[in-house]
Structures are given as structure tokens and as C-alpha cells.
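Dumped target_27.json below, it's JSON, C-alpha atoms:
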[["chain", "number", "residue", "atom", "x", "y", "z"],
["Q", 1, "MET", "CA", 0.00, 0.00, 0.00],
["Q", 2, "VAL", "CA", 2.81, 2.34, 0.90],
["Q", 3, "GLN", "CA", 4.59, 1.43, -2.28],
["Q", 4, "LEU", "CA", 1.48, 2.15, -4.33],
["Q", 5, "CYS", "CA", 1.20, 5.55, -2.66],
["Q", 6, "ASN", "CA", 4.81, 6.24, -3.54],
["Q", 7, "VAL", "CA", 4.22, 5.31, -7.16],
["Q", 8, "ILE", "CA", 1.21, 7.62, -7.33],
["Q", 9, "ASP", "CA", 3.16, 10.39, -5.66],
["Q", 10, "TRP", "CA", 6.04, 9.94, -8.10],
["Q", 11, "LEU", "CA", 3.62, 9.93, -11.03],
["Q", 12, "SER", "CA", 1.89, 13.08, -9.88],
["Q", 13, "HIS", "CA", 5.22, 14.90, -10.02],
["Q", 14, "HIS", "CA", 6.11, 13.49, -13.42],
["Q", 15, "LEU", "CA", 3.03, 14.11, -15.51],
["Q", 16, "LEU", "CA", 3.60, 14.63, -19.22],
["Q", 17, "SER", "CA", 2.96, 18.25, -19.98],
["Q", 18, "CYS", "CA", 0.64, 19.06, -22.83],
["Q", 19, "PRO", "CA", 2.65, 20.45, -25.77],
["Q", 20, "PHE", "CA", -0.21, 22.64, -26.86],
["Q", 21, "LYS", "CA", -0.66, 24.16, -23.43],
["Q", 22, "ALA", "CA", 3.07, 24.76, -23.08],
["Q", 23, "LEU", "CA", 3.10, 26.60, -26.41],
["Q", 24, "VAL", "CA", -0.14, 28.52, -26.29],
["Q", 25, "GLY", "CA", -1.33, 28.50, -22.72],
["Q", 26, "ILE", "CA", -4.79, 27.14, -23.44],
["Q", 27, "ASP", "CA", -6.09, 23.76, -22.37],
["Q", 28, "CYS", "CA", -6.55, 21.21, -25.12],
["Q", 29, "PRO", "CA", -9.44, 18.70, -25.21],
["Q", 30, "GLY", "CA", -7.22, 16.09, -23.55],
["Q", 31, "CYS", "CA", -6.00, 18.25, -20.68],
["Q", 32, "GLY", "CA", -6.97, 16.85, -17.31],
["Q", 33, "LEU", "CA", -6.85, 13.23, -18.39],
["Q", 34, "GLN", "CA", -3.67, 12.36, -16.48],
["Q", 35, "ARG", "CA", -4.75, 14.16, -13.31],
["Q", 36, "SER", "CA", -8.08, 12.43, -13.62],
["Q", 37, "ILE", "CA", -6.47, 9.00, -13.95],
["Q", 38, "LEU", "CA", -4.31, 9.70, -10.89],
["Q", 39, "ALA", "CA", -7.41, 10.70, -8.92],
["Q", 40, "LEU", "CA", -8.96, 7.43, -10.02],
["Q", 41, "PHE", "CA", -5.92, 5.52, -8.72],
["Q", 42, "LYS", "CA", -6.38, 7.23, -5.38],
["Q", 43, "GLY", "CA", -9.99, 6.07, -5.38],
["Q", 44, "ASP", "CA", -11.41, 9.56, -5.70],
["Q", 45, "PHE", "CA", -14.11, 8.98, -8.31],
["Q", 46, "MET", "CA", -15.83, 12.34, -7.81],
["Q", 47, "ASN", "CA", -12.63, 14.31, -8.31],
["Q", 48, "SER", "CA", -11.71, 12.18, -11.30],
["Q", 49, "PHE", "CA", -15.03, 12.93, -12.91],
["Q", 50, "LYS", "CA", -14.69, 16.63, -12.23],
["Q", 51, "LEU", "CA", -11.20, 16.79, -13.73],
["Q", 52, "TYR", "CA", -12.09, 14.86, -16.86],
["Q", 53, "PRO", "CA", -15.54, 13.28, -17.23],
["Q", 54, "ALA", "CA", -14.54, 10.93, -20.04],
["Q", 55, "THR", "CA", -11.87, 9.06, -18.07],
["Q", 56, "ILE", "CA", -13.99, 6.24, -16.70],
["Q", 57, "PRO", "CA", -15.69, 5.32, -20.02],
["Q", 58, "LEU", "CA", -12.34, 5.70, -21.78],
["Q", 59, "ILE", "CA", -10.60, 3.26, -19.45],
["Q", 60, "PHE", "CA", -13.58, 0.95, -19.67],
["Q", 61, "ILE", "CA", -13.48, 0.95, -23.47],
["Q", 62, "VAL", "CA", -9.73, 0.26, -23.61],
["Q", 63, "ILE", "CA", -10.02, -2.70, -21.23],
["Q", 64, "PHE", "CA", -13.15, -3.95, -22.96],
["Q", 65, "THR", "CA", -11.48, -3.77, -26.36],
["Q", 66, "LEU", "CA", -8.54, -5.82, -25.17],
["Q", 67, "LEU", "CA", -10.94, -8.41, -23.74],
["Q", 68, "HIS", "CA", -13.02, -8.33, -26.91],
["Q", 69, "LEU", "CA", -10.01, -8.96, -29.14],
["Q", 70, "LYS", "CA", -9.07, -11.93, -26.97],
["Q", 71, "MET", "CA", -12.48, -13.49, -26.43],
["Q", 72, "GLU", "CA", -14.70, -12.13, -29.22],
["Q", 73, "PHE", "CA", -17.97, -11.21, -27.55],
["Q", 74, "GLU", "CA", -21.07, -11.46, -29.69],
["Q", 75, "HIS", "CA", -22.12, -7.82, -29.57],
["Q", 76, "GLY", "CA", -18.71, -6.51, -28.55],
["Q", 77, "ALA", "CA", -18.07, -4.48, -31.69],
["Q", 78, "ARG", "CA", -21.43, -2.74, -31.43],
["Q", 79, "LEU", "CA", -20.90, -1.91, -27.76],
["Q", 80, "ILE", "CA", -17.46, -0.50, -28.54],
["Q", 81, "LYS", "CA", -18.96, 1.73, -31.22],
["Q", 82, "ILE", "CA", -21.70, 3.05, -28.91],
["Q", 83, "VAL", "CA", -19.39, 3.70, -25.94],
["Q", 84, "TYR", "CA", -16.84, 5.28, -28.25],
["Q", 85, "ALA", "CA", -19.39, 7.70, -29.70],
["Q", 86, "GLY", "CA", -20.46, 8.48, -26.14],
["Q", 87, "VAL", "CA", -16.86, 9.23, -25.14],
["Q", 88, "ALA", "CA", -16.46, 11.56, -28.13],
["Q", 89, "VAL", "CA", -19.65, 13.41, -27.21],
["Q", 90, "ILE", "CA", -18.57, 13.71, -23.56],
["Q", 91, "ILE", "CA", -15.17, 15.13, -24.57],
["Q", 92, "LEU", "CA", -16.82, 17.62, -26.93],
["Q", 93, "ILE", "CA", -19.38, 18.77, -24.35],
["Q", 94, "ASN", "CA", -16.69, 19.00, -21.69],
["Q", 95, "TYR", "CA", -14.52, 21.21, -23.92],
["Q", 96, "ILE", "CA", -17.41, 23.50, -24.87],
["Q", 97, "TYR", "CA", -18.36, 23.73, -21.19],
["Q", 98, "LYS", "CA", -14.76, 24.68, -20.36],
["Q", 99, "ILE", "CA", -14.79, 27.41, -23.01],
["Q", 100, "TYR", "CA", -18.02, 28.87, -21.68],
["Q", 101, "THR", "CA", -16.93, 28.82, -18.04],
["Q", 102, "HIS", "CA", -13.50, 30.32, -18.80],
["Q", 103, "GLN", "CA", -11.52, 27.40, -17.45],
["Q", 104, "LEU", "CA", -9.25, 27.20, -20.47],
["Q", 105, "ILE", "CA", -6.71, 29.71, -19.19],
["Q", 106, "SER", "CA", -5.48, 28.95, -15.72],
["G", 1, "MET", "CA", -16.89, -28.54, -85.49],
["G", 2, "SER", "CA", -17.42, -31.62, -87.55],
["G", 3, "GLU", "CA", -14.77, -33.47, -85.53],
["G", 4, "ASN", "CA", -16.38, -32.42, -82.27],
["G", 5, "ALA", "CA", -19.75, -33.66, -83.37],
["G", 6, "SER", "CA", -18.44, -37.09, -84.15],
["G", 7, "ASN", "CA", -15.85, -37.34, -81.35],
["G", 8, "PRO", "CA", -17.86, -37.47, -78.11],
["G", 9, "PHE", "CA", -19.51, -40.80, -78.85],
["G", 10, "GLU", "CA", -16.26, -42.45, -79.81],
["G", 11, "ASN", "CA", -14.35, -40.94, -76.91],
["G", 12, "GLN", "CA", -16.82, -42.10, -74.31],
["G", 13, "SER", "CA", -16.60, -45.64, -75.42],
["G", 14, "GLU", "CA", -12.90, -45.92, -76.18],
["G", 15, "LYS", "CA", -10.99, -43.68, -73.77],
["G", 16, "PRO", "CA", -11.43, -42.37, -70.21],
["G", 17, "THR", "CA", -12.40, -38.71, -69.68],
["G", 18, "ASN", "CA", -8.89, -37.30, -70.24],
["G", 19, "SER", "CA", -9.13, -36.84, -73.95],
["G", 20, "GLU", "CA", -12.75, -35.76, -73.83],
["G", 21, "VAL", "CA", -12.07, -32.74, -71.66],
["G", 22, "THR", "CA", -9.34, -31.25, -73.82],
["G", 23, "PRO", "CA", -11.33, -30.60, -76.99],
["G", 24, "VAL", "CA", -14.35, -29.19, -75.13],
["G", 25, "VAL", "CA", -12.50, -26.52, -73.10],
["G", 26, "PRO", "CA", -11.04, -24.51, -76.03],
["G", 27, "VAL", "CA", -14.48, -24.26, -77.65],
["G", 28, "ASN", "CA", -16.17, -22.86, -74.52],
["G", 29, "ASN", "CA", -13.17, -20.77, -73.59],
["G", 30, "GLY", "CA", -14.58, -17.25, -74.17],
["G", 31, "PRO", "CA", -17.31, -15.99, -71.84],
["G", 32, "GLY", "CA", -18.65, -19.32, -70.67],
["G", 33, "ASN", "CA", -15.60, -20.36, -68.74],
["G", 34, "THR", "CA", -15.31, -17.55, -66.18],
["G", 35, "PRO", "CA", -18.51, -17.89, -64.09],
["G", 36, "PRO", "CA", -17.59, -21.25, -62.57],
["G", 37, "PHE", "CA", -14.52, -19.65, -60.97],
["G", 38, "GLN", "CA", -16.53, -16.84, -59.40],
["G", 39, "GLN", "CA", -19.21, -19.07, -58.02],
["G", 40, "PRO", "CA", -17.41, -20.62, -55.01],
["G", 41, "PRO", "CA", -18.08, -17.64, -52.62],
["G", 42, "PRO", "CA", -21.83, -18.42, -52.21],
["G", 43, "PHE", "CA", -20.70, -21.80, -51.01],
["G", 44, "GLY", "CA", -19.30, -20.26, -47.84],
["G", 45, "GLN", "CA", -22.31, -18.02, -47.32],
["G", 46, "PHE", "CA", -24.54, -20.96, -46.61],
["G", 47, "GLY", "CA", -21.92, -23.17, -45.08],
["G", 48, "GLY", "CA", -20.49, -20.51, -42.76],
["G", 49, "GLY", "CA", -18.82, -21.63, -39.58],
["G", 50, "MET", "CA", -15.29, -22.90, -39.36],
["G", 51, "GLY", "CA", -12.34, -22.49, -41.65],
["G", 52, "GLN", "CA", -12.86, -18.77, -42.23],
["G", 53, "GLN", "CA", -9.90, -16.53, -41.71],
["G", 54, "ASN", "CA", -9.94, -13.15, -40.01],
["G", 55, "LEU", "CA", -9.73, -10.00, -42.06],
["G", 56, "PRO", "CA", -6.08, -8.95, -42.12],
["G", 57, "ASN", "CA", -6.42, -5.42, -40.72],
["G", 58, "SER", "CA", -9.52, -5.55, -38.53],
["G", 59, "THR", "CA", -7.67, -5.69, -35.19],
["G", 60, "ILE", "CA", -5.22, -2.94, -36.11],
["G", 61, "ALA", "CA", -8.05, -0.74, -37.37],
["G", 62, "LEU", "CA", -9.99, -1.16, -34.13],
["G", 63, "VAL", "CA", -6.99, -0.46, -31.89],
["G", 64, "LEU", "CA", -5.84, 2.56, -33.89],
["G", 65, "GLY", "CA", -9.37, 3.92, -33.99],
["G", 66, "ILE", "CA", -9.59, 3.78, -30.22],
["G", 67, "ILE", "CA", -6.15, 5.29, -29.66],
["G", 68, "SER", "CA", -7.08, 8.15, -31.96],
["G", 69, "ILE", "CA", -9.26, 9.78, -29.29],
["G", 70, "PRO", "CA", -6.63, 10.09, -26.54],
["G", 71, "GLY", "CA", -4.23, 11.06, -29.35],
["G", 72, "CYS", "CA", -6.31, 14.05, -30.32],
["G", 73, "CYS", "CA", -4.85, 16.03, -27.42],
["G", 74, "CYS", "CA", -1.45, 16.34, -29.12],
["G", 75, "TYR", "CA", -2.24, 19.28, -31.42],
["G", 76, "GLY", "CA", -5.00, 17.15, -32.93],
["G", 77, "VAL", "CA", -2.50, 15.93, -35.48],
["G", 78, "LEU", "CA", -1.69, 12.57, -33.91],
["G", 79, "GLY", "CA", -5.37, 11.75, -33.53],
["G", 80, "LEU", "CA", -5.98, 12.84, -37.11],
["G", 81, "ILE", "CA", -3.24, 10.57, -38.48],
["G", 82, "LEU", "CA", -4.26, 7.54, -36.40],
["G", 83, "GLY", "CA", -7.93, 8.10, -37.18],
["G", 84, "ILE", "CA", -7.30, 8.33, -40.92],
["G", 85, "ILE", "CA", -5.19, 5.16, -40.86],
["G", 86, "ALA", "CA", -7.92, 3.32, -38.94],
["G", 87, "TRP", "CA", -10.53, 4.67, -41.37],
["G", 88, "ILE", "CA", -8.60, 3.52, -44.46],
["G", 89, "LEU", "CA", -7.70, 0.10, -43.06],
["G", 90, "GLY", "CA", -11.26, -0.49, -41.88],
["G", 91, "GLY", "CA", -12.71, 0.61, -45.21],
["G", 92, "LYS", "CA", -10.30, -1.64, -47.09],
["G", 93, "ASP", "CA", -11.28, -4.64, -45.01],
["G", 94, "ILE", "CA", -14.98, -3.93, -45.45],
["G", 95, "LYS", "CA", -14.49, -3.85, -49.21],
["G", 96, "GLN", "CA", -12.50, -7.07, -49.07],
["G", 97, "TYR", "CA", -15.27, -8.71, -47.09],
["G", 98, "ALA", "CA", -17.92, -7.46, -49.52],
["G", 99, "LEU", "CA", -16.01, -9.01, -52.43],
["G", 100, "ASN", "CA", -15.76, -12.38, -50.76],
["G", 101, "PRO", "CA", -18.09, -12.73, -47.77],
["G", 102, "GLY", "CA", -17.61, -16.45, -47.37],
["G", 103, "ALA", "CA", -13.87, -16.43, -46.87],
["G", 104, "TYR", "CA", -13.70, -14.18, -43.81],
["G", 105, "SER", "CA", -15.20, -14.52, -40.37],
["G", 106, "LEU", "CA", -18.11, -12.34, -39.30],
["G", 107, "PRO", "CA", -16.61, -11.12, -35.97],
["G", 108, "SER", "CA", -13.57, -9.72, -37.73],
["G", 109, "TYR", "CA", -15.87, -7.96, -40.19],
["G", 110, "LYS", "CA", -17.71, -6.38, -37.27],
["G", 111, "ASN", "CA", -14.39, -5.37, -35.76],
["G", 112, "ALA", "CA", -13.31, -3.76, -39.02],
["G", 113, "LYS", "CA", -16.59, -1.86, -39.17],
["G", 114, "ALA", "CA", -16.22, -0.70, -35.57],
["G", 115, "GLY", "CA", -12.64, 0.31, -36.28],
["G", 116, "LYS", "CA", -13.72, 2.35, -39.28],
["G", 117, "ILE", "CA", -16.42, 4.14, -37.29],
["G", 118, "CYS", "CA", -14.06, 4.81, -34.37],
["G", 119, "GLY", "CA", -11.56, 6.18, -36.88],
["G", 120, "ILE", "CA", -14.19, 8.48, -38.38],
["G", 121, "ILE", "CA", -15.16, 9.76, -34.92],
["G", 122, "GLY", "CA", -11.51, 10.33, -34.04],
["G", 123, "VAL", "CA", -10.91, 12.18, -37.30],
["G", 124, "VAL", "CA", -13.96, 14.38, -36.77],
["G", 125, "LEU", "CA", -12.96, 15.21, -33.20],
["G", 126, "SER", "CA", -9.37, 15.99, -34.17],
["G", 127, "ALA", "CA", -10.52, 18.03, -37.15],
["G", 128, "LEU", "CA", -12.87, 20.07, -34.98],
["G", 129, "TYR", "CA", -10.03, 20.73, -32.57],
["G", 130, "LEU", "CA", -7.66, 21.73, -35.40],
["G", 131, "ILE", "CA", -10.29, 24.08, -36.82],
["G", 132, "PHE", "CA", -10.72, 25.55, -33.34],
["G", 133, "ILE", "CA", -6.95, 26.16, -33.04],
["G", 134, "ILE", "CA", -6.77, 27.73, -36.50],
["G", 135, "ALA", "CA", -9.76, 29.95, -35.77],
["G", 136, "PHE", "CA", -8.11, 30.96, -32.50],
["G", 137, "ILE", "CA", -4.87, 31.88, -34.26],
["G", 138, "ILE", "CA", -6.73, 33.89, -36.89],
["G", 139, "PHE", "CA", -8.80, 35.59, -34.22],
["G", 140, "PHE", "CA", -6.04, 36.58, -31.81],
["G", 141, "GLY", "CA", -2.91, 36.42, -33.93],
["G", 142, "TRP", "CA", 0.21, 34.35, -33.39],
["G", 143, "ALA", "CA", 1.92, 36.87, -31.11],
["G", 144, "ALA", "CA", -0.80, 36.62, -28.48],
["G", 145, "LEU", "CA", -0.52, 32.84, -28.43],
["G", 146, "GLN", "CA", 3.18, 33.03, -27.64],
["G", 147, "ASP", "CA", 2.64, 35.26, -24.64],
["G", 148, "PRO", "CA", 0.10, 34.14, -22.00],
["G", 149, "GLU", "CA", -0.04, 37.59, -20.37],
["G", 150, "LEU", "CA", -0.84, 39.32, -23.64],
["G", 151, "MET", "CA", -3.36, 36.61, -24.27],
["G", 152, "LYS", "CA", -5.18, 37.30, -21.02],
["G", 153, "GLU", "CA", -5.17, 41.01, -21.79],
["G", 154, "MET", "CA", -6.75, 40.41, -25.15],
["G", 155, "LEU", "CA", -9.34, 38.08, -23.71],
["G", 156, "ARG", "CA", -10.23, 40.69, -21.14],
["G", 157, "GLU", "CA", -10.59, 43.32, -23.83],
["G", 158, "LYS", "CA", -12.96, 41.14, -25.78],
["G", 159, "GLY", "CA", -14.96, 40.48, -22.65],
["G", 160, "LEU", "CA", -14.35, 36.77, -22.69],
["G", 161, "GLN", "CA", -12.84, 36.64, -19.26]]
Would you mind writing the file's structure down as C-alpha cells?
Amino acid sequence: MVQLCNVIDWLSHHLLSCPFKALVGIDCPGCGLQRSILALFKGDFMNSFKLYPATIPLIFIVIFTLLHLKMEFEHGARLIKIVYAGVAVIILINYIYKIYTHQLIS
Amino acid sequence: MSENASNPFENQSEKPTNSEVTPVVPVNNGPGNTPPFQQPPPFGQFGGGMGQQNLPNSTIALVLGIISIPGCCCYGVLGLILGIIAWILGGKDIKQYALNPGAYSLPSYKNAKAGKICGIIGVVLSALYLIFIIAFIIFFGWAALQDPELMKEMLREKGLQ
């Protein structure tokens, strides 16, 4: 448990910085994903959702795709398509919401 | 033609099928010979089941299509490239399946289709983001983007923040 905490702590100090944000100073549609994943590791679902709402479905779809490629579920491909479209919509809405609430420049 | 008319009866009685086949094929060679080679696919349609191979690019298309969404955060370019690759590979596999439905397995066809759609979504998302960046640059100018302070000033002037 202590080791896991150390790993998370180390990760939180070594996040990849967004090239677009470094250049321009505005958040990109993917900004917040890493912080959100870290919050998820810590078990803080609420915070994770606030930082980046698409994290949980995104992780779900990646894991599900790996399982699907291994085991070939009957309606797997259709489910992937639906969840994927949902993720895209969530990212889009999240970005528009950020623009309207002036969270892009921080 | 006169030889052909007389030959079949003699051939059947005297020799086994070997010599009978050779004279018939050159006569029918033109249009009549091709359909038999195209007919095998329907075979598989009804038979289905085992022995079908997976489409060659379906897995890659699906994986690339899914990676294209997280990739859209890097300037939108990475997502665009991955999405387009997934789109092309998926589309190619769908065409391949349509040409010869019996030879490939249905799950891999579904995967290819899902990969193509994921690729399209990734491309659209990345393209929207790129358009947004370009519009931003046109709107505020390159100099403002280089300098965050100037940027905030300009945003304040426009009443956006």
C-alpha cells in the first residue's frame, strides 16, 4: 500500500505536460486526463469525474477492447462503437463547457 | 466442329475422360468459362462456420481507432493521423469482405466496421479541434498565443474573461 502511494506520488510529479498548453497557454481537449487517472488511482471517483468526465468510459473501453479482441464477444463491436461515440460526445461537451466557463486559461 | 460432333460418342466408349475434356474446353473458352470460378463464394455463405480466416487489418483498425481519441490532445495531429489510418484500413477490409463474404469470419468484419467508425469519430474530433486552433490563431494572432499575459489582456478586452 505504501509502495502504491509512492508510485502515485512519483507519477503526480512526473506528468507529461501538454505540448499545446506549453506553447499557447490554453487547455486542449485532452487536458486533465492524467490528473483524472491519478485521482482514479487514489480512489477519488468524484474528483476524477470533475477533472475529466470521459476518463472512466475511456478506461472501460480500452479494457473492454482488449478483452473483446481476446475473447470475441457477440455484440462486442457494437458496444465499442456506442461507448466510443459516447466518449467523443462527452469530450466535446466538456470542452465546450470549459470554453463557456473560462476554465481554459489557468 | 465436324470433328467435335463425331468425337464425343467415340471418346466415351474408347478412352477415359482425359481426352474428352481437352477438346471441349477450347471451344467454350470465351465468356462461358469464367462464371464457374466466381461461383465458389456463395458456397461459404450458406456453409459458414469454421475455416474462415480473419480479415487482415480488422484488429489494427480497431486499436488505432480507439487510440485516436486520446491522441487528439497532441495538437489534434496525432489523432488525425491515427484516425485516418484506422478509417482507411477499416474501409479496405470492409471492401475485401464485400467481395468475398464467405472467406472471412463475421466477428472480424464487425471489428473492421467498428474500427472504421471509431476512426471516423476520431478524425472528426481531431478536425474540430484543429479548426478551433486555427480559428483561434486567426482571431487573436500568433503573437498573443506566444505570450500568455498578452493573451489574457486580449481576452479581457474582448470580454471573454
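Minimum distance to Cys28 in chain Q across G:Pro70, G:Tyr109, G:Asp93, G:Ile121 (counting only C-alpha atoms) occurs at G:Pro70.
When CA of Ala85 in chain Q is paired with CA of Ile117 in chain G, their separation reads 8.9 Å.
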*Please return, as a ChimeraX atom specification, all polymer residues that have at least one atom within 12 Å of the point (-18.7, -3.0, -39.2); use all atoms listed in the file and the file's own coordinate frame.*
/Q:75-81 /G:55,58,61-62,87,90-95,97-98,106-119
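One finds CA of Pro19 in chain Q at 23.4 Å from CA of Val89 in chain Q.
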_Surrounding residues of Ile93 in chain Q excluding itself and chain neighbours under 5 positions, 12 Å, only C-alpha atoms, as a ChimeraX atom specification_ = /Q:29,52-54,86-88,98-100 /G:125
_Could you check the closest approach to chain G for each of Q:Ile96, Q:Ile37, Q:Cys31, Q:Ile59 and tell me which residue wins, using all atoms listed in the file?_
Q:Cys31
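Using all atoms listed in the file, the nearest neighbour of chain Q within the list G:Gly71, G:Ala103, G:Ala127, G:Gly83 is G:Gly71.
Taking CA of Ile67 in chain G and CA of Ile81 in chain G as the two end points, the separation is 10.7 Å.
Near Ile8 in chain Q, within a cut-off of 9 Å and counting all atoms listed in the file, sit the residues Gln3, Leu4, Cys5, Leu11, Ser12, His13, Leu38, Phe41 and Lys42 of chain Q, with same-chain residues fewer than 3 positions away left out.
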_From Q:Leu51, Q:Tyr97, Q:Lys70, Q:Phe45, residue lying nearest chain G [only C-alpha atoms]_ = Q:Lys70
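The nearest approach to Leu40 in chain Q among the residues Q:Ile56, Q:Leu69, Q:Leu23, Q:Ile63, with all atoms listed in the file taken into account, belongs to Q:Ile56.
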*asked:* For a quick check of understanding, using all atoms listed in the file, which of Q:His102, Q:Glu74, Q:Asn6, Q:Phe49 has the smallest distance to Ile26 in chain Q?
replied: Q:His102
